[in-house]
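J.: Sharing run_28.cif, mmCIF, C-alpha atoms (C1' of nucleotides):
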```cif
data_work
#
loop_
_atom_site.label_atom_id
_atom_site.label_comp_id
_atom_site.auth_asym_id
_atom_site.auth_seq_id
_atom_site.Cartn_x
_atom_site.Cartn_y
_atom_site.Cartn_z
CA MET A 1 51.37 30.36 -191.47
CA PRO A 2 54.55 31.38 -193.05
CA GLU A 3 54.86 32.80 -196.50
CA ILE A 4 53.80 36.20 -197.40
CA LEU A 5 50.17 35.50 -198.26
CA GLU A 6 49.32 34.01 -194.88
CA VAL A 7 51.32 36.66 -193.08
CA GLU A 8 49.40 39.33 -194.99
CA ASP A 9 46.15 37.74 -193.84
CA ALA A 10 47.39 37.90 -190.26
CA ARG A 11 48.39 41.53 -190.68
CA ALA A 12 44.99 42.35 -192.12
CA LEU A 13 43.31 40.62 -189.20
CA ILE A 14 45.25 42.77 -186.73
CA ALA A 15 44.44 45.89 -188.75
CA ALA A 16 40.76 45.00 -188.80
CA GLU A 17 40.24 43.83 -185.24
CA GLY A 18 43.23 44.75 -183.14
CA LEU A 19 43.66 48.50 -183.47
CA GLY A 20 42.64 51.20 -181.03
CA ARG A 21 41.97 48.87 -178.12
CA GLU A 22 43.76 49.63 -174.87
CA ILE A 23 46.03 46.85 -173.68
CA ALA A 24 45.37 45.71 -170.12
CA SER A 25 47.98 43.01 -169.75
CA THR A 26 50.55 40.94 -171.56
CA PHE A 27 50.80 37.17 -171.75
CA THR A 28 54.35 35.83 -172.05
CA PRO A 29 54.39 32.24 -170.79
CA ASP A 30 57.19 31.21 -173.12
CA THR A 31 60.21 33.46 -172.58
CA TRP A 32 62.15 31.44 -175.12
CA TYR A 33 59.77 32.88 -177.72
CA LEU A 34 60.85 36.44 -176.90
CA LYS A 35 63.85 37.33 -179.03
CA ARG A 36 66.53 39.99 -179.25
CA GLY A 37 66.64 40.69 -175.57
CA LEU A 38 62.91 41.08 -175.03
CA THR A 39 61.74 40.03 -171.55
CA PRO A 40 58.25 39.60 -170.10
CA ARG A 41 58.85 42.66 -167.99
CA ALA A 42 59.96 44.76 -170.96
CA ALA A 43 56.97 43.56 -172.98
CA ARG A 44 54.60 44.59 -170.21
CA SER A 45 56.25 47.96 -169.85
CA ALA A 46 56.13 48.55 -173.60
CA LEU A 47 52.54 47.51 -174.19
CA VAL A 48 50.29 47.89 -171.14
CA GLY A 49 48.31 51.12 -171.30
CA ARG A 50 49.01 51.56 -175.00
CA ARG A 51 47.04 50.63 -178.10
CA PHE A 52 47.97 49.17 -181.46
CA ALA A 53 47.91 52.04 -183.96
CA ALA A 54 48.71 50.28 -187.24
CA ALA A 55 49.66 46.85 -188.53
CA ARG A 56 52.28 46.82 -191.27
CA ARG A 57 54.22 44.05 -192.92
CA ARG A 58 57.53 43.61 -194.67
CA GLY A 59 57.98 40.20 -196.16
CA LYS A 60 57.04 37.72 -193.45
CA LEU A 61 57.65 40.16 -190.62
CA ILE A 62 54.57 41.80 -189.06
CA LEU A 63 55.18 45.24 -187.60
CA VAL A 64 52.63 46.59 -185.16
CA ASP A 65 52.92 50.27 -184.27
CA THR A 66 51.78 51.27 -180.81
CA GLU A 67 50.62 54.55 -179.37
CA GLY A 68 49.89 55.81 -175.90
CA ALA A 69 48.68 58.99 -174.26
CA ASP A 70 52.24 60.23 -174.54
CA GLY A 71 52.48 59.64 -178.28
CA PRO A 72 54.00 56.85 -180.36
CA GLY A 73 55.22 53.78 -178.51
CA PRO A 74 57.55 50.97 -179.50
CA VAL A 75 57.04 48.81 -182.57
CA LEU A 76 56.08 45.20 -181.92
CA GLY A 77 57.56 42.65 -184.32
CA LEU A 78 55.89 39.29 -184.89
CA HIS A 79 57.37 36.33 -186.78
CA LEU A 80 55.13 33.37 -187.32
CA GLY A 81 57.83 30.82 -188.11
CA MET A 82 56.59 27.59 -189.65
CA SER A 83 53.41 27.11 -187.68
CA GLY A 84 52.39 30.39 -186.07
CA ARG A 85 48.96 31.98 -186.31
CA VAL A 86 47.50 35.20 -185.00
CA VAL A 87 44.23 34.87 -183.12
CA ILE A 88 42.06 37.81 -182.03
CA ASP A 89 39.00 37.29 -179.86
CA GLY A 90 38.98 33.71 -181.13
CA ASP A 91 39.12 34.67 -184.82
CA GLU A 92 42.07 33.65 -186.93
CA ALA A 93 43.12 34.64 -190.39
CA GLY A 94 44.12 32.61 -193.38
CA ASP A 95 43.58 29.09 -194.49
CA PRO A 96 44.43 26.13 -192.27
CA LEU A 97 48.02 25.02 -192.44
CA ILE A 98 48.34 21.80 -194.33
CA TYR A 99 51.12 20.16 -192.39
CA ALA A 100 50.59 21.82 -189.06
CA SER A 101 47.95 21.36 -186.47
CA ASN A 102 45.15 23.88 -186.44
CA ARG A 103 43.73 22.92 -183.09
CA ASP A 104 43.77 25.58 -180.41
CA VAL A 105 45.72 23.93 -177.64
CA PRO A 106 46.22 26.48 -174.81
CA GLU A 107 49.82 25.35 -174.30
CA TRP A 108 50.60 26.52 -177.84
CA ARG A 109 49.87 30.14 -176.99
CA ARG A 110 53.32 31.67 -176.94
CA PHE A 111 52.56 35.37 -176.62
CA GLY A 112 49.55 37.62 -176.31
CA VAL A 113 47.89 40.72 -174.97
CA ARG A 114 44.55 41.11 -173.25
CA PHE A 115 42.58 44.23 -174.01
CA VAL A 116 40.74 46.36 -171.48
CA ASP A 117 37.50 45.50 -173.31
CA GLY A 118 37.98 41.85 -172.42
CA GLY A 119 39.18 40.56 -175.80
CA ALA A 120 42.63 39.26 -176.58
CA LEU A 121 45.21 38.85 -179.29
CA TYR A 122 47.64 35.99 -179.16
CA VAL A 123 50.11 34.07 -181.27
CA ARG A 124 49.64 30.31 -181.35
CA ASP A 125 52.65 28.35 -182.53
CA PRO A 126 53.01 24.63 -181.86
CA ARG A 127 56.54 24.39 -183.17
CA ARG A 128 57.87 27.50 -181.43
CA LEU A 129 59.86 28.61 -184.45
CA GLY A 130 58.23 32.03 -184.51
CA ALA A 131 59.39 35.01 -182.50
CA VAL A 132 58.29 38.23 -180.83
CA GLU A 133 60.57 41.24 -180.56
CA LEU A 134 60.50 44.98 -180.00
CA GLU A 135 61.77 47.53 -182.48
CA PRO A 136 62.64 44.97 -185.16
CA ASP A 137 65.28 45.92 -187.70
CA GLU A 138 63.35 46.16 -190.94
CA ASP A 139 66.44 46.90 -192.95
CA ARG A 140 67.69 43.35 -192.67
CA LEU A 141 64.97 42.56 -195.21
CA GLY A 142 64.91 43.34 -198.90
CA PRO A 143 61.96 45.02 -200.60
CA ASP A 144 58.62 43.31 -200.09
CA ALA A 145 57.73 40.72 -202.72
CA PHE A 146 54.47 42.52 -203.54
CA GLU A 147 56.54 45.55 -204.55
CA LEU A 148 59.08 43.60 -206.57
CA THR A 149 60.16 45.45 -209.69
CA LEU A 150 61.75 43.88 -212.73
CA ARG A 151 64.69 46.17 -212.20
CA HIS A 152 65.30 44.84 -208.69
CA LEU A 153 64.81 41.24 -209.75
CA ARG A 154 67.38 41.72 -212.52
CA SER A 155 69.78 43.25 -210.05
CA VAL A 156 69.62 40.48 -207.42
CA THR A 157 69.53 37.56 -209.84
CA SER A 158 72.45 38.73 -211.92
CA ARG A 159 74.68 39.24 -208.91
CA SER A 160 74.63 35.67 -207.56
CA ASN A 161 75.80 32.31 -208.82
CA ALA A 162 73.62 30.48 -206.28
CA PRO A 163 70.63 28.44 -207.46
CA ILE A 164 67.85 30.80 -208.51
CA LYS A 165 65.65 29.27 -205.83
CA ALA A 166 68.14 30.23 -203.10
CA VAL A 167 68.25 33.81 -204.35
CA LEU A 168 64.47 34.14 -204.42
CA MET A 169 64.18 32.75 -200.90
CA ASN A 170 66.90 34.98 -199.48
CA GLN A 171 64.90 37.45 -197.39
CA ALA A 172 67.66 40.02 -197.50
CA ARG A 173 67.26 40.19 -201.27
CA ILE A 174 63.47 39.90 -201.63
CA ALA A 175 61.29 39.69 -198.54
CA GLY A 176 58.35 37.32 -198.43
CA LEU A 177 58.86 34.50 -200.90
CA GLY A 178 58.98 31.04 -199.34
CA ASN A 179 59.33 27.47 -200.44
CA LEU A 180 55.90 26.96 -201.99
CA LEU A 181 55.57 30.28 -203.77
CA VAL A 182 59.04 30.01 -205.26
CA ASP A 183 58.45 26.50 -206.58
CA GLU A 184 55.15 27.58 -208.10
CA ALA A 185 56.55 30.73 -209.70
CA LEU A 186 59.54 28.86 -211.18
CA TRP A 187 57.20 26.22 -212.52
CA GLN A 188 55.04 28.95 -214.11
CA ALA A 189 58.11 30.63 -215.56
CA GLY A 190 59.63 27.39 -216.84
CA ILE A 191 62.90 27.83 -214.97
CA ASP A 192 64.79 25.05 -213.19
CA PRO A 193 65.05 25.89 -209.45
CA ALA A 194 68.63 24.60 -209.37
CA ARG A 195 69.79 26.74 -212.25
CA ARG A 196 72.50 29.29 -211.53
CA SER A 197 70.87 32.62 -210.85
CA ASP A 198 73.31 34.58 -212.98
CA SER A 199 72.61 32.35 -215.97
CA LEU A 200 69.12 33.79 -216.46
CA SER A 201 68.68 35.69 -219.69
CA ALA A 202 66.90 39.03 -219.81
CA GLU A 203 63.87 37.20 -221.12
CA ASP A 204 64.07 34.63 -218.29
CA GLN A 205 64.16 37.48 -215.79
CA ALA A 206 61.14 39.14 -217.35
CA ARG A 207 59.22 35.86 -217.43
CA LEU A 208 60.13 35.15 -213.83
CA HIS A 209 59.03 38.62 -212.77
CA ARG A 210 55.65 38.14 -214.41
CA ALA A 211 55.34 34.66 -212.89
CA ILE A 212 56.06 35.92 -209.37
CA ARG A 213 53.50 38.70 -209.65
CA LYS A 214 50.92 36.38 -211.14
CA THR A 215 51.57 33.70 -208.54
CA LEU A 216 51.17 36.18 -205.69
CA ARG A 217 47.93 37.57 -207.09
CA THR A 218 46.42 34.24 -208.04
CA LEU A 219 47.27 32.33 -204.89
CA GLN A 220 46.19 35.21 -202.70
CA ARG A 221 42.82 35.17 -204.42
CA ARG A 222 42.58 31.41 -204.05
CA GLY A 223 43.40 31.62 -200.39
CA GLY A 224 46.90 30.48 -199.67
CA SER A 225 50.40 29.45 -200.65
CA HIS A 226 49.48 25.82 -201.18
CA THR A 227 46.85 26.55 -203.86
CA GLY A 228 49.28 26.57 -206.76
CA ASP A 229 48.76 24.75 -210.06
CA MET A 230 51.81 22.52 -209.69
CA PRO A 231 51.09 19.47 -207.53
CA ARG A 232 53.63 19.02 -204.77
CA VAL A 233 53.77 15.32 -205.36
CA ALA A 234 56.62 13.32 -206.83
CA ALA A 235 56.15 11.31 -209.99
CA VAL A 236 52.73 12.66 -210.94
CA PRO A 237 52.24 14.18 -214.40
CA CYS A 238 53.05 17.84 -214.86
CA PRO A 239 49.75 19.60 -215.65
CA ARG A 240 51.50 21.52 -218.39
CA ASP A 241 53.26 18.80 -220.38
CA GLY A 242 52.64 15.46 -218.69
CA ALA A 243 56.24 14.77 -217.71
CA LEU A 244 56.62 13.24 -214.24
CA LEU A 245 57.35 15.85 -211.59
CA GLN A 246 60.55 15.39 -209.69
CA ARG A 247 61.24 15.92 -206.02
CA ARG A 248 64.66 16.85 -204.69
CA THR A 249 66.44 19.19 -202.32
CA VAL A 250 67.46 22.59 -203.65
CA ALA A 251 68.70 25.42 -201.45
CA GLY A 252 68.16 23.13 -198.50
CA ARG A 253 64.42 22.79 -199.07
CA THR A 254 62.18 20.14 -200.53
CA THR A 255 61.68 21.17 -204.14
CA PHE A 256 59.25 20.03 -206.82
CA SER A 257 59.72 20.81 -210.48
CA CYS A 258 59.06 19.56 -213.98
CA PRO A 259 62.17 18.16 -215.67
CA GLN A 260 60.58 18.76 -219.05
CA HIS A 261 59.60 22.40 -219.29
CA GLN A 262 61.70 23.89 -216.46
CA THR A 263 65.13 24.41 -217.90
"C1'" DG B 1 76.55 28.39 -200.43
"C1'" DA B 2 75.39 24.04 -198.38
"C1'" DT B 3 74.50 22.00 -193.84
"C1'" DG B 4 72.78 21.33 -189.49
"C1'" DA B 5 70.31 23.22 -185.58
"C1'" DC B 6 66.42 25.08 -183.58
"C1'" DC B 7 61.31 22.76 -181.90
"C1'" DT B 8 57.16 19.95 -181.90
"C1'" DG B 9 53.15 17.80 -184.15
"C1'" DT B 10 51.29 14.75 -187.70
"C1'" DG B 11 50.69 10.84 -190.50
"C1'" DA B 12 52.37 6.79 -192.75
"C1'" DT C 1 59.28 4.42 -185.35
"C1'" DC C 2 60.37 7.45 -189.00
"C1'" DA C 3 60.13 11.08 -192.32
"C1'" DC C 4 58.37 15.34 -193.01
"C1'" DA C 5 56.56 20.12 -192.35
"C1'" DG C 6 54.73 27.04 -195.89
"C1'" DG C 7 61.27 29.56 -191.60
"C1'" DT C 8 65.37 31.38 -189.92
"C1'" DC C 9 70.08 31.32 -187.87
"C1'" DA C 10 74.85 30.03 -186.96
"C1'" DT C 11 78.68 27.48 -188.72
"C1'" DC C 12 81.93 25.10 -191.63
#
```
Once you've parsed the file, please lay out its structure as structure tokens.

T.:
Amino acid sequence: MPEILEVEDARALIAAEGLGREIASTFTPDTWYLKRGLTPRAARSALVGRRFAAARRRGKLILVDTEGADGPGPVLGLHLGMSGRVVIDGDEAGDPLIYASNRDVPEWRRFGVRFVDGGALYVRDPRRLGAVELEPDEDRLGPDAFELTLRHLRSVTSRSNAPIKAVLMNQARIAGLGNLLVDEALWQAGIDPARRSDSLSAEDQARLHRAIRKTLRTLQRRGGSHTGDMPRVAAVPCPRDGALLQRRTVAGRTTFSCPQHQT
DNA sequence: GATGACCTGTGA
DNA sequence: TCACAGGTCATC
């Protein structure tokens, strides 16, 4: 469930149901899923006997603080990739993924912990593009999209000649915006995704900033990244002006936009 | 920067 | 069978 809204739902689920429960064992059937040197043995050593103390998030990276009798433990980092979901005691957060399977096939459980109380938390990820790591480096990510200021947006957009869509999706610049949210925000702001980032006027930047904030708020309320107003369908009328929406590749991703009002 | 690679499931 | 999928990472 990638993109910041779904990741935030997953974080909230962990915060609501996963904290304070002693970990009895770890479940690491897919060692390929463990990244940055993490091993099943290291995961067990880091987690068993400890509890999750807090669930934080930066962009699409979930950070779970741990604590034990001896004080703070390591930080667990969870990436959900394109198709990952967090499941706790059988509950999962967020809306169903549109293009991914939502069935709970046991083989898709890539990582998990069992609690002493008998419950469990695990990550289900059919495509295996997610990742689990310890002590993730948060500083490789820019400020979280929910905290995006106009000042920061001006700074990152004016310093790149890449397509504006590429800049917005660059997690080192702004953390959390993905393919759907960016297309929706650019459609709201009336800016062509392929336009050079440094060609945005001060007014464009301000409009884009408002559009990003509005898109995050609105789609979060509606329940997911795919609930935008712009249909992700080629050659259907733009809800704003009736021009036929176009589909193309920008910044390496499938991109929908209105050739009429996005300039 | 754009491109391909990573991996697997779904739906036409 | 093929194209496609809400993400990242290495490589030219």

J.: Report as a PyMOL selection string the set of chain A residues whose atoms approach chain C to within 7 Å, with distances computed over all atoms listed in the file.

T.: chain A and resi 1-3+81-82+99+178-180+225

J.: Select residues of chain A: the criterion is any atom within 10 Å of an atom of chain B, counting only C-alpha atoms (C1' of nucleotides); output as number ranges by chain.

T.: A: 83, 99-101, 125-129, 161-163, 166, 250-252

J.: Since we have the selection now, will you write its residues out, keeping C-alpha atoms, as a short mmCIF file (atom, residue, chain, number, x, y, z; two decimals), in the frame of the given file?

T.:
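Result file is out-v2.cif:
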```cif
data_model
loop_
_atom_site.label_atom_id
_atom_site.label_comp_id
_atom_site.auth_asym_id
_atom_site.auth_seq_id
_atom_site.Cartn_x
_atom_site.Cartn_y
_atom_site.Cartn_z
CA SER A 83 53.41 27.11 -187.68
CA TYR A 99 51.12 20.16 -192.39
CA ALA A 100 50.59 21.82 -189.06
CA SER A 101 47.95 21.36 -186.47
CA ASP A 125 52.65 28.35 -182.53
CA PRO A 126 53.01 24.63 -181.86
CA ARG A 127 56.54 24.39 -183.17
CA ARG A 128 57.87 27.50 -181.43
CA LEU A 129 59.86 28.61 -184.45
CA ASN A 161 75.80 32.31 -208.82
CA ALA A 162 73.62 30.48 -206.28
CA PRO A 163 70.63 28.44 -207.46
CA ALA A 166 68.14 30.23 -203.10
CA VAL A 250 67.46 22.59 -203.65
CA ALA A 251 68.70 25.42 -201.45
CA GLY A 252 68.16 23.13 -198.50
#
```

J.: On this file, the PyMOL selection byres ((chain A and resi 171) around 12) gives some set of residues; write that set as a ChimeraX atom specification.

T.: /A:3-4,58-61,138-145,156,165-170,172-179 /C:7-8

J.: Could you name the residues that touch Ala55 of chain A at 9 Å or less, counting all atoms listed in the file, but leaving out those on the same chain fewer than 2 positions away, as a PyMOL selection string?

T.: chain A and resi 11-15+18-19+52-53+57+62-65

J.: Can you list, as a list in words, every protein, DNA or RNA residue that comes within 12 Å of Pro231 of chain A when you count all atoms listed in the file, leaving out same-chain residues fewer than 3 positions away?

T.: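 The residues satisfying every condition are Leu180, Asp183, Glu184, Trp187, His226, Thr227, Gly228, Ala234, Ala235, Val236, Pro237, Cys238, Pro239, Arg240, Gly242, Leu244, Leu245, Gln246, Arg247, Thr255, Phe256, Ser257 and Cys258 of chain A.
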
J.: By how many Å are atom CA of Tyr33 of chain A and atom CA of Glu6 of chain A apart?

T.: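 Calculated distance between atom CA of Tyr33 of chain A and atom CA of Glu6 of chain A is 20.1 Å.
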
J.: State, in Å with one decimal place, the distance from atom CA of Leu153 of chain A to atom CA of Gln205 of chain A.

T.: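 About the pair atom CA of Leu153 of chain A and atom CA of Gln205 of chain A: they are 7.1 Å apart.
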
J.: Ranking A:Asp241, A:Glu133, A:Glu67, A:Asp9 by minimum distance to Glu22 of chain A and counting all atoms listed in the file, which one comes first?

T.: A:Glu67

J.: Expressed in Å to a single decimal, how great is the separation between atom CA of Leu34 of chain A and atom CA of Gly112 of chain A?

T.: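 Pair atom CA of Leu34 of chain A / atom CA of Gly112 of chain A returns 11.4 Å.
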
J.: Expanded to explicit residues, what is the PyMOL selection byres ((chain A and resi 195) around 6) for this file, as a ChimeraX atom specification?

T.: /A:163-164,192-194,196
